[in-house]
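Visitor: Could you have a look at this structure, given as structure tokens, before my questions?
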Amino acid sequence: MPLLACGQFRATPFPLRNLASCTTLFHLARRARAQLLFLPEASDYIAPTPAETISLAKPIEESVFVNGLRKLAGEFGVGVVVGVHEPAEEGRGVECGGKEGKRRVRNVCLYIDEGGAVSRRYQKVHVFDVDIEGGPRIKESNTTEPGNTLTPPFPTPLNGLNLGLQICFDLRFPEPSLSLVRRGAHILSYPSAFTLATGRAGHWATLLRARAIETQSYVVGAALIGEHCLGRASWGEAMIVGPWGEVLGRCESWDEVVERGSVSEGRESGEGSGVGAGMERICIAEVERGVVERVRREVPLRRRL
């Protein structure tokens, strides 16, 4: 049965350091014999300021981070799904908020096949604008140009399983996932950098399982974890959920890491686990198209409205 690997790590403002963490995750995935590796949103960098978020963005073909992943995918023969930044308007940026000279980036998810080619791209539709009492105040729309289309599901190396791409805040909207499934998706991917406040409230795990149950699909949530810069931190808890809603694989949350005193180092038992300077971990799961088909056959969801 084919295997997929879902990763998490602590991203920094330095793309080459993050590429080193992703290289570790590639090694873990190959050791586990996974055919497809899922990496988080913003795997290339988490910047300390909006200005640096914009200045660090590079066109996909010029990105040292993306080209490094392409090389790893080709060498290891393992496909990868990854979230990165790219400049809007081919590196020139676009004006936003009515202020002249204010530039934005695009938050995108790439599929790099096992030959190292970037074969699919999705631009995040729902940008993250929140103001949580006692929690973060983030306005992603200040720096990020939202997308307006879904990328059609496409075949993967996982024996006939088609993949649909979304990103983080898209998880809160069921309509896109239902649309992707109607167009043939068996796996839904949500690379993410979830906040501590919403992770602690249980939103992350609940929403992943909800999307899996209502679409009767595999759901993969690769996640950033830990403190990045200037008080920015991510929840972690990378997870793979089956089409019946069962958790097939799970990594630790940031609170769990802190509780056991393993912020800078630690070890986990179990195949495919591992920890490095960037808190690199994977969880793995067997996936099969027949399981999706069986769940959809046994509990048919015929919408009447």
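Residue names in the structure tokens use chain letters A, B, ... in the order shown, residue numbers from 1 in each chain, and ligand numbers from 1 in the order shown.
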Near A:Glu145, counting only C-alpha atoms, which residues have an atom at most 8 Å away, once you skip same-chain residues fewer than 4 positions from it, shown as a PDB file with N, CA and C atoms, in the first residue's frame?
Guide:
ATOM      1  N   ALA A  88       4.225  39.075  -6.194  1.00  0.00           N
ATOM      2  CA  ALA A  88       3.112  39.376  -7.080  1.00  0.00           C
ATOM      3  C   ALA A  88       3.629  40.152  -8.283  1.00  0.00           C
ATOM      4  N   ARG A 104       2.937  43.487  -2.516  1.00  0.00           N
ATOM      5  CA  ARG A 104       2.465  42.244  -1.905  1.00  0.00           C
ATOM      6  C   ARG A 104       3.139  41.038  -2.541  1.00  0.00           C
ATOM      7  N   VAL A 105       2.995  39.926  -1.860  1.00  0.00           N
ATOM      8  CA  VAL A 105       3.484  38.653  -2.364  1.00  0.00           C
ATOM      9  C   VAL A 105       2.287  37.743  -2.613  1.00  0.00           C
ATOM     10  N   ARG A 106       2.567  36.564  -3.126  1.00  0.00           N
ATOM     11  CA  ARG A 106       1.555  35.521  -3.260  1.00  0.00           C
ATOM     12  C   ARG A 106       1.949  34.340  -2.382  1.00  0.00           C
ATOM     13  N   ASN A 107       0.970  33.823  -1.671  1.00  0.00           N
ATOM     14  CA  ASN A 107       1.159  32.647  -0.833  1.00  0.00           C
ATOM     15  C   ASN A 107       0.708  31.446  -1.663  1.00  0.00           C
ATOM     16  N   SER A 141      -3.674  40.186   4.391  1.00  0.00           N
ATOM     17  CA  SER A 141      -4.011  40.901   3.158  1.00  0.00           C
ATOM     18  C   SER A 141      -3.143  42.143   2.947  1.00  0.00           C
TER      19      SER A 141
END
Visitor: Give me, as a CSV table (one decimal) with N, CA and C atoms, in the first residue's frame, all polymer residues having an atom no more than 12 Å from stretch 194-206 of chain A, counting only C-alpha atoms and skipping those fewer than 5 positions away in the same chain.
Guide:
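Writing done, so here's result08.csv:
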chain,number,residue,atom,x,y,z
A,8,GLN,N,6.6,18.5,9.7
A,8,GLN,CA,6.6,19.8,10.4
A,8,GLN,C,8.0,20.1,10.8
A,40,PRO,N,5.0,22.2,5.1
A,40,PRO,CA,4.1,23.3,5.5
A,40,PRO,C,3.9,24.5,4.6
A,41,GLU,N,3.0,25.3,5.0
A,41,GLU,CA,2.9,26.7,4.4
A,41,GLU,C,4.1,27.5,4.8
A,42,ALA,N,4.5,28.4,3.9
A,42,ALA,CA,5.7,29.3,4.2
A,42,ALA,C,6.9,28.5,4.6
A,128,PHE,N,-5.4,35.4,5.6
A,128,PHE,CA,-5.6,35.3,7.1
A,128,PHE,C,-5.6,36.7,7.7
A,130,VAL,N,-7.1,38.4,11.0
A,130,VAL,CA,-7.8,38.1,12.3
A,130,VAL,C,-7.3,39.1,13.3
A,131,ASP,N,-8.1,39.3,14.3
A,131,ASP,CA,-7.8,40.1,15.5
A,131,ASP,C,-8.4,39.5,16.7
A,132,ILE,N,-7.6,38.6,17.3
A,132,ILE,CA,-8.1,37.7,18.4
A,132,ILE,C,-7.8,38.3,19.7
A,133,GLU,N,-8.8,38.5,20.6
A,133,GLU,CA,-8.5,39.1,21.9
A,133,GLU,C,-7.6,38.2,22.7
A,134,GLY,N,-6.5,38.7,23.2
A,134,GLY,CA,-5.6,37.9,23.9
A,134,GLY,C,-4.7,37.1,23.0
A,135,GLY,N,-4.9,37.2,21.7
A,135,GLY,CA,-4.1,36.4,20.8
A,135,GLY,C,-3.5,37.3,19.7
A,136,PRO,N,-3.2,36.7,18.6
A,136,PRO,CA,-2.5,37.5,17.6
A,136,PRO,C,-3.4,38.4,16.8
A,137,ARG,N,-2.9,39.5,16.3
A,137,ARG,CA,-3.5,40.3,15.4
A,137,ARG,C,-2.7,40.3,14.1
A,138,ILE,N,-3.3,39.6,13.1
A,138,ILE,CA,-2.6,39.4,11.8
A,138,ILE,C,-3.5,39.8,10.7
A,167,ILE,N,-4.6,25.9,1.3
A,167,ILE,CA,-3.6,26.4,2.2
A,167,ILE,C,-4.2,26.9,3.4
A,168,CYS,N,-3.9,26.5,4.6
A,168,CYS,CA,-4.1,27.0,5.9
A,168,CYS,C,-5.5,27.5,6.1
A,169,PHE,N,-5.7,28.9,6.0
A,169,PHE,CA,-7.0,29.5,6.3
A,169,PHE,C,-8.1,29.0,5.4
A,170,ASP,N,-7.8,28.4,4.3
A,170,ASP,CA,-8.8,27.8,3.4
A,170,ASP,C,-9.5,26.7,4.2
A,171,LEU,N,-8.8,26.1,5.2
A,171,LEU,CA,-9.4,25.0,5.9
A,171,LEU,C,-10.7,25.3,6.6
A,172,ARG,N,-11.0,26.6,6.8
A,172,ARG,CA,-12.2,27.0,7.5
A,172,ARG,C,-13.4,27.1,6.6
A,211,ARG,N,-13.2,18.3,7.6
A,211,ARG,CA,-13.0,18.3,6.1
A,211,ARG,C,-12.9,16.8,5.6
A,212,ALA,N,-12.3,16.0,6.4
A,212,ALA,CA,-12.1,14.6,6.0
A,212,ALA,C,-13.5,13.9,6.0
A,213,ILE,N,-14.3,14.1,7.1
A,213,ILE,CA,-15.5,13.4,7.2
A,213,ILE,C,-16.5,13.9,6.2
A,219,VAL,N,-7.1,13.7,4.4
A,219,VAL,CA,-6.7,15.1,4.6
A,219,VAL,C,-5.3,15.1,5.2
A,220,VAL,N,-4.5,16.0,4.6
A,220,VAL,CA,-3.1,16.0,5.1
A,220,VAL,C,-2.8,17.5,5.5
A,221,GLY,N,-2.4,17.7,6.8
A,221,GLY,CA,-2.1,19.0,7.3
A,221,GLY,C,-0.6,19.1,7.8
A,222,ALA,N,0.3,19.4,6.8
A,222,ALA,CA,1.6,19.6,7.2
A,222,ALA,C,1.7,21.0,7.9
A,223,ALA,N,2.6,21.1,8.9
A,223,ALA,CA,2.4,22.3,9.8
A,223,ALA,C,3.8,22.8,10.3
A,224,LEU,N,3.9,24.2,10.3
A,224,LEU,CA,5.0,24.8,11.0
A,224,LEU,C,4.8,24.7,12.5
A,225,ILE,N,5.9,24.7,13.3
A,225,ILE,CA,5.8,24.6,14.7
A,225,ILE,C,6.9,25.5,15.4
A,226,GLY,N,6.5,26.0,16.5
A,226,GLY,CA,7.5,26.7,17.4
A,226,GLY,C,7.6,28.2,17.1
A,227,GLU,N,8.6,28.8,17.8
A,227,GLU,CA,8.8,30.2,17.7
A,227,GLU,C,9.7,30.5,16.5
A,228,HIS,N,9.2,31.4,15.7
A,228,HIS,CA,9.9,31.8,14.5
A,228,HIS,C,10.7,33.0,14.7
A,231,GLY,N,8.2,37.0,18.4
A,231,GLY,CA,7.0,36.6,19.1
A,231,GLY,C,6.0,35.8,18.2
A,232,ARG,N,6.4,35.6,16.9
A,232,ARG,CA,5.5,34.8,16.0
A,232,ARG,C,5.8,33.3,16.3
A,233,ALA,N,4.7,32.5,16.5
A,233,ALA,CA,4.9,31.1,16.8
A,233,ALA,C,3.8,30.3,16.2
A,234,SER,N,4.0,29.1,15.9
A,234,SER,CA,3.0,28.2,15.2
A,234,SER,C,2.8,26.9,16.0
A,235,TRP,N,1.6,26.4,15.8
A,235,TRP,CA,1.0,25.4,16.7
A,235,TRP,C,1.7,24.0,16.4
A,236,GLY,N,2.0,23.7,15.2
A,236,GLY,CA,2.4,22.3,14.9
A,236,GLY,C,1.3,21.3,14.8
A,237,GLU,N,1.5,20.1,15.3
A,237,GLU,CA,0.5,19.0,15.3
A,237,GLU,C,0.2,18.6,13.9
A,238,ALA,N,1.2,18.5,13.0
A,238,ALA,CA,1.0,18.0,11.7
A,238,ALA,C,0.2,16.7,11.8
A,239,MET,N,-0.7,16.5,10.8
A,239,MET,CA,-1.7,15.4,11.0
A,239,MET,C,-2.1,14.8,9.6
A,240,ILE,N,-2.4,13.5,9.6
A,240,ILE,CA,-3.0,12.8,8.5
A,240,ILE,C,-4.3,12.2,9.0
A,241,VAL,N,-5.4,12.5,8.3
A,241,VAL,CA,-6.7,12.0,8.7
A,241,VAL,C,-7.3,11.2,7.5
A,245,GLY,N,-12.6,9.9,9.1
A,245,GLY,CA,-12.3,10.8,10.1
A,245,GLY,C,-11.3,10.4,11.2
A,246,GLU,N,-10.7,9.2,11.0
A,246,GLU,CA,-9.8,8.7,12.0
A,246,GLU,C,-8.4,9.4,11.8
A,247,VAL,N,-7.7,9.7,12.9
A,247,VAL,CA,-6.4,10.2,12.8
A,247,VAL,C,-5.4,9.1,12.5
A,249,GLY,N,-2.1,9.6,11.5
A,249,GLY,CA,-0.7,10.0,11.9
A,249,GLY,C,-0.7,11.4,12.5
A,250,ARG,N,0.2,11.6,13.5
A,250,ARG,CA,0.1,12.9,14.1
A,250,ARG,C,1.5,13.2,14.7
A,251,CYS,N,1.9,14.4,14.6
A,251,CYS,CA,3.1,14.9,15.3
A,251,CYS,C,2.7,15.8,16.5
A,252,GLU,N,3.7,16.1,17.3
A,252,GLU,CA,3.4,16.9,18.5
A,252,GLU,C,3.0,18.3,18.2
A,253,SER,N,2.2,18.9,19.1
A,253,SER,CA,2.0,20.3,19.1
A,253,SER,C,3.1,21.1,19.8
A,254,TRP,N,3.1,22.4,19.7
A,254,TRP,CA,4.1,23.2,20.4
A,254,TRP,C,4.0,23.1,21.9
A,255,ASP,N,2.8,23.1,22.4
A,255,ASP,CA,2.6,23.0,23.8
A,255,ASP,C,3.1,21.6,24.4
A,256,GLU,N,2.9,20.6,23.6
A,256,GLU,CA,3.4,19.3,24.0
A,256,GLU,C,4.9,19.2,24.1
Visitor: List every residue of stretch 25-248 of chain A that DSSP, applied to the backbone of this structure, places in helix (DSSP H, G or I), and write the result as a VMD selection string.
Guide: chain A and resid 25 to 31 50 to 56 60 to 62 64 to 76 140 to 142 168 to 172 174 to 182 196 to 200 203 to 215
Visitor: Residues near A:Tyr122, anyone? I mean within 9 Å using only C-alpha atoms, not counting same-chain ones fewer than 6 positions away, as number ranges by chain.
Guide: A: 107-111, 147, 149-151, 165-167
Visitor: Using only C-alpha atoms, pick whichever of A:Leu39, A:Val181, A:Ile284, A:Ile46 has the shortest atom-to-atom distance to A:Leu25.
Guide: A:Leu39
Visitor: Enumerate the residues of stretch 41-111 of chain A with a DSSP assignment of strand (DSSP E), computed from the backbone, and present them as a PyMOL selection string.
Guide: chain A and resi 79-87+105-111
Visitor: Excluding A:Thr144 and any residue of its chain fewer than 4 positions from it, enumerate the residues within 10 Å of it, using only C-alpha atoms, and give them as a ChimeraX atom specification.
Guide: /A:50,53-54,85-88,93-94,96,103-107,124,127-128,139-140
Visitor: So how far away is atom CA of A:Leu230 from atom CA of A:Arg10, in Å?
Guide: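 Atom CA of A:Arg10 sits 13.8 Å away from atom CA of A:Leu230.
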Visitor: As a ChimeraX atom specification, please: the residues near A:Val295 (cut-off 9 Å, only C-alpha atoms, same-chain neighbours under 5 positions excluded).
Guide: /A:216-217,243-244,290,300
Visitor: Take the selection from the previous step and output its residues with C-alpha atoms, as a CSV table (one decimal), in the first residue's frame.
Guide:
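Output file part_19.csv follows:
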chain,number,residue,atom,x,y,z
A,216,GLN,CA,-14.9,11.3,2.7
A,217,SER,CA,-11.3,12.0,1.7
A,243,PRO,CA,-11.8,9.4,5.0
A,244,TRP,CA,-13.7,8.0,8.0
A,290,GLY,CA,-10.2,1.6,-2.4
A,300,PRO,CA,-23.4,8.0,0.2
Visitor: As an exercise, work out the distance from atom CA of A:Gly184 to atom CA of A:Leu72 in Å and give it to one decimal place.
Guide: 28.7 Å
Visitor: Between atom CA of A:Cys283 and atom CA of A:Ala5, what is the spacing in Å?
Guide: 5.8 Å
Visitor: Using only C-alpha atoms, determine which residues lie at most 8 Å from A:Leu3, disregarding the query and same-chain residues fewer than 5 positions distant; provide the list as a PyMOL selection string.
Guide: chain A and resi 33-36+158+284-287
